[in-house]
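Peer 1: First the structure, then my questions, so here it is.
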Number of protein chains: 4
Amino acid sequence: MNFASDNTTGASRAILAAVTAANAGQSAAYGKDDFSKKAARLLNEVFERECASFLVNTGTAANALALAAVAPPFGAIFCHADSHIMEDECGAPEMFTGGAKLIGIPGEAGKITRAGLVTALSRYPRGIEKQVQPAALSISQVTELGTVYSCGEVAALAEIAHEAGIKVHMDGARFANALASLQCRPAEMSWKAGIDVLSFGATKNGALGCEAVIFFDPATAANLPYLRKRSGHTLSKGRFLGAQMIAYLEKGHWLDLAKAANAHARALAEGLTKIPSVRMPWPCEANEIFAVLPCKMDSRLKAEGAVYYEWNFPERDAGCAPPGQDEIFVRLVTSFATRKTDIDRFLAVASSAGI
Amino acid sequence: MNFASDNTTGASRAILAAVTAANAGQSAAYGKDDFSKKAARLLNEVFERECASFLVNTGTAANALALAAVAPPFGAIFCHADSHIMEDECGAPEMFTGGAKLIGIPGEAGKITRAGLVTALSRYPRGIEKQVQPAALSISQVTELGTVYSCGEVAALAEIAHEAGIKVHMDGARFANALASLQCRPAEMSWKAGIDVLSFGATKNGALGCEAVIFFDPATAANLPYLRKRSGHTLSKGRFLGAQMIAYLEKGHWLDLAKAANAHARALAEGLTKIPSVRMPWPCEANEIFAVLPCKMDSRLKAEGAVYYEWNFPERDAGCAPPGQDEIFVRLVTSFATRKTDIDRFLAVASSAGI
Amino acid sequence: MNFASDNTTGASRAILAAVTAANAGQSAAYGKDDFSKKAARLLNEVFERECASFLVNTGTAANALALAAVAPPFGAIFCHADSHIMEDECGAPEMFTGGAKLIGIPGEAGKITRAGLVTALSRYPRGIEKQVQPAALSISQVTELGTVYSCGEVAALAEIAHEAGIKVHMDGARFANALASLQCRPAEMSWKAGIDVLSFGATKNGALGCEAVIFFDPATAANLPYLRKRSGHTLSKGRFLGAQMIAYLEKGHWLDLAKAANAHARALAEGLTKIPSVRMPWPCEANEIFAVLPCKMDSRLKAEGAVYYEWNFPERDAGCAPPGQDEIFVRLVTSFATRKTDIDRFLAVASSAGI
Amino acid sequence: MNFASDNTTGASRAILAAVTAANAGQSAAYGKDDFSKKAARLLNEVFERECASFLVNTGTAANALALAAVAPPFGAIFCHADSHIMEDECGAPEMFTGGAKLIGIPGEAGKITRAGLVTALSRYPRGIEKQVQPAALSISQVTELGTVYSCGEVAALAEIAHEAGIKVHMDGARFANALASLQCRPAEMSWKAGIDVLSFGATKNGALGCEAVIFFDPATAANLPYLRKRSGHTLSKGRFLGAQMIAYLEKGHWLDLAKAANAHARALAEGLTKIPSVRMPWPCEANEIFAVLPCKMDSRLKAEGAVYYEWNFPERDAGCAPPGQDEIFVRLVTSFATRKTDIDRFLAVASSAGI
């Protein structure tokens with residue numbers, strides 16, 4: 001009953017098999033191999049557009065490289081106050097950009113609102129020498145709180161950003177889960193909604209370690225080969241990244257994996273909803289569930305082997321009362337590899353403890 | 001007949017199998033998994049000492065992180081003028097250290113000499129405010145020119161460095177090849193010879209992508225977790241790095257691989273030595289051969305499918321005449337996966353063209 | 001009637017005369033001159049302690065150098081959400097530290113509260129690899145909103161910081177104005193209250209351009225000579241900085257200047273208090289006044305030649321109602337050079353327009 | 001008899017008087033004052049062109065800001081191996097550019113040669129991902145060894161640089177001395193010869209501390225306001241920089257100062273030439289003299305109160321034999337404030353000791 005993270009799962013069989021298959025023979029080094037090239041072509045197909053894409057090993061690298069390409073050292077990068085780039089990357093965006101400042105915007109259920117963005121931008125008008133200069137908006141899809149922006153919400157934020165003359169980045173560490181939730185096309189959720197550069201994650205959704213930084217306007221990616229190299233993210237045996245991405249994309253494998261993860265989360269959420277002593281501050285829209293549990297239930301679940309993290313309750317974002325003294329706020333994450341039996345057992349334990 | 005690089009080869013069977021085996025089940029993320037922990041223990045055993053070790057994906061990351069741990073932004077890092085950190089990492093050491101300056105030292109056949117180091121150090125006395133301050137010596141073992149420092153040579157350079165109050169880093173991207181060449185113990189070639197921090201490479205010698213930064217005094221590694229994280233080099237599914245390193249080290253697999261690569265190179269070098277129109281500026285000591293070939297021979301070899309790189313002839317370092325008008329200077333690299341038939345065929349073509 | 005800033009004023013006569021006097025003869029360059037040495041001695045006397053002090057030209061340089069000495073690139077620097085280092089230095093702290101993150105703490109009337117600091121620190125426990133690591137607390141004395149921490153308030157915050165294992169920096173751009181307000185000794189308001197490193201400003205209080213970075217524990221300043229040099233802040237003709245600081249400190253000149261500035265502000269504040277249509281969100285404690293004025297009054301004042309800035313009304317910090325539709329929130333700053341006639345005229349215009 | 005540096009001298013009377021005069025009244029802060037604006041206009045006149053110019057306090061700041069405007073973090077900056085930016089700024093260019101690499105080019109008597117530049121550029125072809133990318137050429141006029149490039153030499157180097165697609169920076173810390181030596185117009189020695197951005201020094205030639213970064217194509221300076229601010233080099237009381245520059249430029253004051261300094265050096269050099277036991281490795285072309293002296297003479301001069309620095313003898317650059325065992329290599333610098341009596345006395349002592 002491991003619901004700690006989608007990172008604690010290994011790779012899907014198909015992706016692992018592709019890595020094994022790619023091992024044979026000689027390949028050009030440093031991303032000049034045929035696997036990487038084919039992966040780039042497939043990304044173009046998936047996004048219905050000529051893109052400039054760069055494979056790396058971690059989401060932090062993808063985000064930091066994407067931001068370094070669009071923000072100068074004196075830039076302001078607007079993002080959600082609780083976003084991954086703000087809180088969970090130990091200053092990687094600052095390192096890769098050479099010191100840009102992340103401006104945290106509070107917002108409901110993990111989402112930046114239009115009003116919030118407008119207010120934040122108004123505090124950093126262009127041309128005030130003493131202030132960092134507006135450079136980029138970064139939004140997370142799925143958000144840090146497991147919610148999903150609609151394509152219209154993305155487009156509305158991107159429009160505000162573009163009017164302010166700044167680029168829009170999407171941290172798509174769980175892009176597939178969001179897509180499966182919205183049931184739209186990748187292009188609709190990205191460049192057609194105004195995204196300029198995307199961190200396209202595969203690791204959390206079945207790869208061993210593979211993410212793509214995708215520039216929808218290839219001209220903006222001119223510096224990326226050097227930025228990637230000097231950050232140590234140009235793998236010599238690039239074929240193994242290419243092979244992962246190919247297997248991820250081919251035959252809709254990535255969407256199958258995401259749909260499975262989301263379905264597991266939905267089942268878990270539905271089960272929890274039926275337990276009166278559990279409450280959820282916002283709906284489960286992808287593969288993450290946030291819930292207030294009685295401590296008694298929490299203890300029983302852990303005693304039975306359930307693994308998951310306690311989370312900070314985001315007061316300003318929540319649609320339910322905060323945890324009381326005998327309650328705990330937790331995050332549960334499912335993945336393609338979650339077992340239905342684990343969900344059933346988790347719910348059974350919770351139900352029996354939750355009366 | 002691919003002799004372009006040891007990077008164009010895939011992984012060894014054992015290492016690939018270990019990655020596959022590691023895929024099953026749930027593992028803690030971000031290097032807290034059992035595979036990574038076991039890898040750390042094995043590294044301690046191999047080096048006969050309690051070390052602080054950190055797994056990353058690329059040699060550039062390993063080098064840059066190692067240097068960032070020992071050099072301040074205003075530091076001077078002494079290295080060979082043609083070293084990988086100087087010429088081939090697009091400024092990664094500068095990025096990770098926050099701007100330290102690499103001081104290139106010329107030297108024979110890729111090696112820094114004691115005299116060269118003393119002279120370089122004398123130009124950067126400690127305490128001159130306008131100058132960068134001496135922080136580290138970095139030596140490459142195997143060197144960029146395929147030569148190998150004896151343990152005594154390493155110790156002599158390290159002694160000079162330590163007397164000057166600076167740390168000693170070894171870029172061991174081909175550590176195993178050097179070790180197989182010297183036939184000594186890992187400890188002798190590293191900390192017993194005065195190395196403080198080591199980039200211990202596995203990628204070129206059979207891993208998919210795996211290097212360890214090893215601090216022989218764990219106290220000096222306190223910042224490494226944060227430096228690694230913020231550079232995007234802390235893999236979420238860290239088990240796959242751990243599994244590679246375990247398979248690499250267990251049962252002497254790494255040395256078997258390196259011995260094979262070195263033996264291939266020796267066979268190739270011996271064959272070339274017998275061709276009168278070929279000359280080599282220094283002996284082949286590991287798995288790289290540098291040679292001046294007649295252009296006619298070069299054309300024939302390429303026509304027959306041989307792959308290898310032309311190289312800059314390092315005038316000051318060489319022990320033979322530079323290439324003439326109808327000659328070319330080339331580098332040939334072997335790996336564990338080099339086939340004896342390719343060597344035989346290469347030598348046959350070269351011989352027939354070399355009369 | 002210029003109340004725009006204490007930066008729009010020139011230097012005091014005594015300081016200007018000292019610069020002129022220092023011009024004669026030859027002096028050692030780069031801060032090795034006798035003036036700089038004497039300034040350092042005087043700072044030791046003023047602070048009743050052996051300090052390591054470094055003269056620079058701007059407050060931004062002083063702050064950024066101080067922070068670079070105490071925070072690593074992956075550090076968290078806690079400061080008020082509206083502080084100068086957060087909002088008004090275009091990312092200088094990020095540049096000088098190599099990417100540290102500033103964590104803004106909201107607080108009443110420009111001051112960080114103990115509860116606010118405790119909460120902020122609790123969000124950054126030491127050792128969480130994905131988060132920036134607690135490195136420093138920076139407090140502004142006088143604050144950005146013109147208020148003054150009591151020595152007890154400084155000590156309470158410093159105690160919390162030291163318990164968390166982090167250093168405490170004071171941005172003392174208006175240190176003299178705070179001191180004149182509190183009527184205590186420099187040592188009491190700084191190291192005796194737990195300050196580890198101080199940006200000691202003179203520019204706003206009568207120098208041409210001169211600030212000192214003062215380390216109360218000289219051992220922590222070992223890197224400063226290099227950090228200063230590489231940031232371009234080691235003046236070749238350092239005598240001119242030394243001479244300014246000497247004249248500033250000798251015979252209590254600095255306190256005379258600050259007392260005059262504060263007295264002017266007090267007179268202005270008292271006059272404004274008597275006008276019913278004006279309200280002030282917090283008391284004037286040094287040389288800055290913040291007030292809500294009717295727009296009609298604002299227009300009249302400007303028509304009469306008054307110069308001052310509109311300011312963002314800090315809702316969370318204020319002790320009065322925010323400006324209504326026909327009102328404006330403004331900042332008025334006095335200096336040693338403010339003329340009493342200007343204050344009288346300003347109040348006369350305001351009174352006549354304020355009925 | 002102080003010939004240590006042109007930095008050990010104070011300011012010229014006219015410049016000091018201008019600073020005093022500028023002190024009266026209120027001025028806009030942060031370089032928006034009328035003095036700074038007038039200085040910018042005068043620089044336009046002097047250079048016969050619309051420029052974007054920025055005043056700062058030190059030559060290191062000027063150089064580092066200029067380079068930061070034209071080189072990315074992964075850039076290669078070509079410069080003389082012994083240049084000030086390479087050896088004497090403690091890594092400022094690396095800090096301001098975010099990690100660019102300085103590529104030292106050896107050359108005769110402090111000058112980069114065309115062949116040397118072509119060779120260096122050939123080692124950094126554009127587009128090789130593992131290498132830093134060619135970004136700028138920086139030449140020093142006067143050079144570190146006191147020699148002066150002819151306008152034709154500057155133009156030849158700039159042409160090679162521009163053909164390689166890189167910008168050309170001139171470190172003109174002693175621009176005036178070079179100009180006085182060449183007797184040409186400022187435009188001829190700068191933009192008409194291909195210089196894109198100039199560090200225009202005044203400090204060594206009579207200012208208290210004032211340098212201008214001048215972009216001959218204002219469009220390339222768009223980032224400079226922010227780069228200057230975040231490096232702490234935007235002075236709040238900018239009027240004092242503006243006033244210095246105005247006084248420096250008005251009525252040809254700067255050229256008068258430089259002519260005086262050069263004439264003093266010429267007199268000193270001519271006197272030394274007549275002493276048989278003294279030899280000079282290259283001619284004195286501006287205000288610096290480099291000479292090999294007998295140690296005996298050196299001792300006598302110092303005993304008589306002469307002050308000057310020993311210098312590293314640049315073997316590859318020199319046109320005379322290196323110092324023998326009983327000899328010393330020294331640098332002598334004159335300034336506008338050098339006294340003829342000091343020169344006469346120095347020569348008298350040297351002559352009497354030099355037989």
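As shown in the structure tokens, the chain order sets the letters A, B, ...; within each chain, residues go from 1, and ligands are also counted from 1 in the order they appear.
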Tell me the residues of chain A close to chain C, meaning within 6 Å using only C-alpha atoms, as a PDB file with C-alpha atoms, in the first residue's frame.
Peer 2:
ATOM      1  CA  ASP A  88      11.267  21.680  -4.008  1.00  0.00           C
ATOM      2  CA  GLU A  89      14.276  22.212  -6.227  1.00  0.00           C
ATOM      3  CA  CYS A  90      16.776  23.650  -3.743  1.00  0.00           C
ATOM      4  CA  GLU A  94      18.177  30.456  -9.403  1.00  0.00           C
ATOM      5  CA  MET A  95      21.325  28.469 -10.228  1.00  0.00           C
ATOM      6  CA  GLY A  99      20.024  34.504 -10.035  1.00  0.00           C
ATOM      7  CA  LYS A 130      15.782  48.572  -8.918  1.00  0.00           C
ATOM      8  CA  GLN A 131      13.399  45.700  -9.523  1.00  0.00           C
ATOM      9  CA  VAL A 132      13.859  42.379 -11.242  1.00  0.00           C
TER      10      VAL A 132
END
Peer 1: Tell me, as an MDAnalysis selection string, which residues lie within 12 Å of Ala161 in chain B, counting only C-alpha atoms; anything in the same chain fewer than 4 positions away does not count.
Peer 2: chainID B and resid 77:79 114 116:122 134:139 154:157 165:169 193:196
Peer 1: Given the selection you just returned, output its residues as a file containing C-alpha atoms, formatted as a PDB file, in the first residue's frame.
Peer 2:
ATOM      1  CA  ILE B  77      41.598  25.365 -10.051  1.00  0.00           C
ATOM      2  CA  PHE B  78      44.843  24.089 -11.515  1.00  0.00           C
ATOM      3  CA  CYS B  79      44.507  21.506 -14.264  1.00  0.00           C
ATOM      4  CA  ARG B 114      55.844  18.753 -10.771  1.00  0.00           C
ATOM      5  CA  GLY B 116      54.677  22.807 -14.107  1.00  0.00           C
ATOM      6  CA  LEU B 117      52.544  22.713 -11.018  1.00  0.00           C
ATOM      7  CA  VAL B 118      55.099  24.550  -8.906  1.00  0.00           C
ATOM      8  CA  THR B 119      55.372  27.294 -11.497  1.00  0.00           C
ATOM      9  CA  ALA B 120      51.619  27.672 -11.784  1.00  0.00           C
ATOM     10  CA  LEU B 121      51.167  27.800  -8.012  1.00  0.00           C
ATOM     11  CA  SER B 122      53.917  30.387  -7.714  1.00  0.00           C
ATOM     12  CA  PRO B 134      44.437  28.691  -5.019  1.00  0.00           C
ATOM     13  CA  ALA B 135      41.714  26.151  -4.270  1.00  0.00           C
ATOM     14  CA  ALA B 136      42.277  22.842  -6.023  1.00  0.00           C
ATOM     15  CA  LEU B 137      44.431  20.746  -8.286  1.00  0.00           C
ATOM     16  CA  SER B 138      42.542  18.516 -10.711  1.00  0.00           C
ATOM     17  CA  ILE B 139      44.339  15.717 -12.506  1.00  0.00           C
ATOM     18  CA  VAL B 154      50.065  11.294  -8.430  1.00  0.00           C
ATOM     19  CA  ALA B 155      51.494  11.383  -4.925  1.00  0.00           C
ATOM     20  CA  ALA B 156      54.201  13.849  -5.887  1.00  0.00           C
ATOM     21  CA  LEU B 157      51.687  16.265  -7.401  1.00  0.00           C
ATOM     22  CA  GLY B 165      46.971  24.235   1.107  1.00  0.00           C
ATOM     23  CA  ILE B 166      44.728  23.129  -1.740  1.00  0.00           C
ATOM     24  CA  LYS B 167      42.616  20.041  -2.314  1.00  0.00           C
ATOM     25  CA  VAL B 168      43.302  17.426  -4.981  1.00  0.00           C
ATOM     26  CA  HIS B 169      40.627  16.172  -7.344  1.00  0.00           C
ATOM     27  CA  ALA B 193      48.338   8.961  -3.173  1.00  0.00           C
ATOM     28  CA  GLY B 194      46.740  12.124  -1.801  1.00  0.00           C
ATOM     29  CA  ILE B 195      43.491  12.380  -3.755  1.00  0.00           C
ATOM     30  CA  ASP B 196      40.798  14.173  -1.718  1.00  0.00           C
TER      31      ASP B 196
END
Peer 1: Which residues are close to Thr220 in chain C, i.e. within 12 Å by only C-alpha atoms, leaving aside same-chain residues fewer than 4 positions away? Reply as a VMD selection string.
Peer 2: chain C and resid 51 to 53 66 to 71 167 196 to 197 213 to 216 224 to 225
Peer 1: Could those residues be written to a file, using N, CA and C atoms, as a compact mmCIF listing (two decimals), in the first residue's frame?
Peer 2:
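Ended up saving to selection.txt:
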# COMPACT_ATOMS: atom_id res chain seq x y z
N CYS C 51 36.47 44.74 15.04
CA CYS C 51 35.61 44.29 13.94
C CYS C 51 36.45 44.11 12.68
N ALA C 52 35.89 43.42 11.70
CA ALA C 52 36.48 43.44 10.35
C ALA C 52 35.53 44.27 9.51
N SER C 53 36.02 45.41 9.01
CA SER C 53 35.12 46.29 8.26
C SER C 53 35.67 46.55 6.87
N ALA C 66 27.64 41.37 2.43
CA ALA C 66 27.40 40.81 3.76
C ALA C 66 26.70 39.46 3.65
N LEU C 67 25.69 39.40 2.80
CA LEU C 67 24.92 38.16 2.67
C LEU C 67 25.75 37.07 1.99
N ALA C 68 26.59 37.47 1.03
CA ALA C 68 27.43 36.47 0.36
C ALA C 68 28.42 35.84 1.33
N ALA C 69 28.77 36.58 2.37
CA ALA C 69 29.73 36.04 3.34
C ALA C 69 29.08 35.03 4.28
N VAL C 70 27.77 35.08 4.40
CA VAL C 70 27.11 34.20 5.38
C VAL C 70 26.16 33.17 4.77
N ALA C 71 25.87 33.29 3.49
CA ALA C 71 24.90 32.36 2.88
C ALA C 71 25.52 31.62 1.70
N LYS C 167 22.99 33.05 10.83
CA LYS C 167 23.59 34.33 11.14
C LYS C 167 22.56 35.45 11.01
N ASP C 196 25.34 39.78 13.66
CA ASP C 196 26.64 39.23 13.29
C ASP C 196 27.35 40.08 12.25
N VAL C 197 26.57 40.60 11.32
CA VAL C 197 27.18 41.43 10.27
C VAL C 197 26.23 42.57 9.95
N VAL C 213 30.71 47.42 5.44
CA VAL C 213 30.24 46.09 5.85
C VAL C 213 31.06 45.73 7.07
N ILE C 214 30.39 45.50 8.18
CA ILE C 214 31.10 45.28 9.44
C ILE C 214 30.78 43.89 9.99
N PHE C 215 31.84 43.09 10.17
CA PHE C 215 31.70 41.77 10.75
C PHE C 215 32.15 41.84 12.20
N PHE C 216 31.26 41.51 13.11
CA PHE C 216 31.61 41.63 14.52
C PHE C 216 32.49 40.47 14.97
N LEU C 224 35.85 38.09 2.41
CA LEU C 224 35.37 39.39 1.96
C LEU C 224 36.32 40.12 1.02
N PRO C 225 37.63 40.11 1.28
CA PRO C 225 38.51 40.84 0.35
C PRO C 225 38.33 40.37 -1.10
Peer 1: According to DSSP computed on the backbone, where in range 220-322 of chain A is there helix (DSSP H, G or I)? Give the residues as a PyMOL selection string.
Peer 2: chain A and resi 220-221+224-230+239-273+295-303+315-317
Peer 1: What lies within 9 Å of Leu257 in chain C using only C-alpha atoms, ignoring chain neighbours under 5 positions off, as a compact mmCIF listing (two decimals) with C-alpha atoms, in the first residue's frame?
Peer 2:
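Result file is part-v3.txt:
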# COMPACT_ATOMS: atom_id res chain seq x y z
CA SER C 12 27.61 67.33 4.61
CA ALA C 176 22.27 56.41 12.46
CA ASN C 177 18.63 57.47 12.27
CA ASN C 205 23.05 60.52 6.17
CA GLY C 206 25.60 62.88 4.69
CA GLY C 252 29.78 62.43 16.65
CA ASN C 262 14.86 62.88 12.70
CA SER C 335 17.57 64.55 5.87
CA PHE C 336 20.14 66.60 7.73
CA ALA C 337 19.81 69.13 4.91
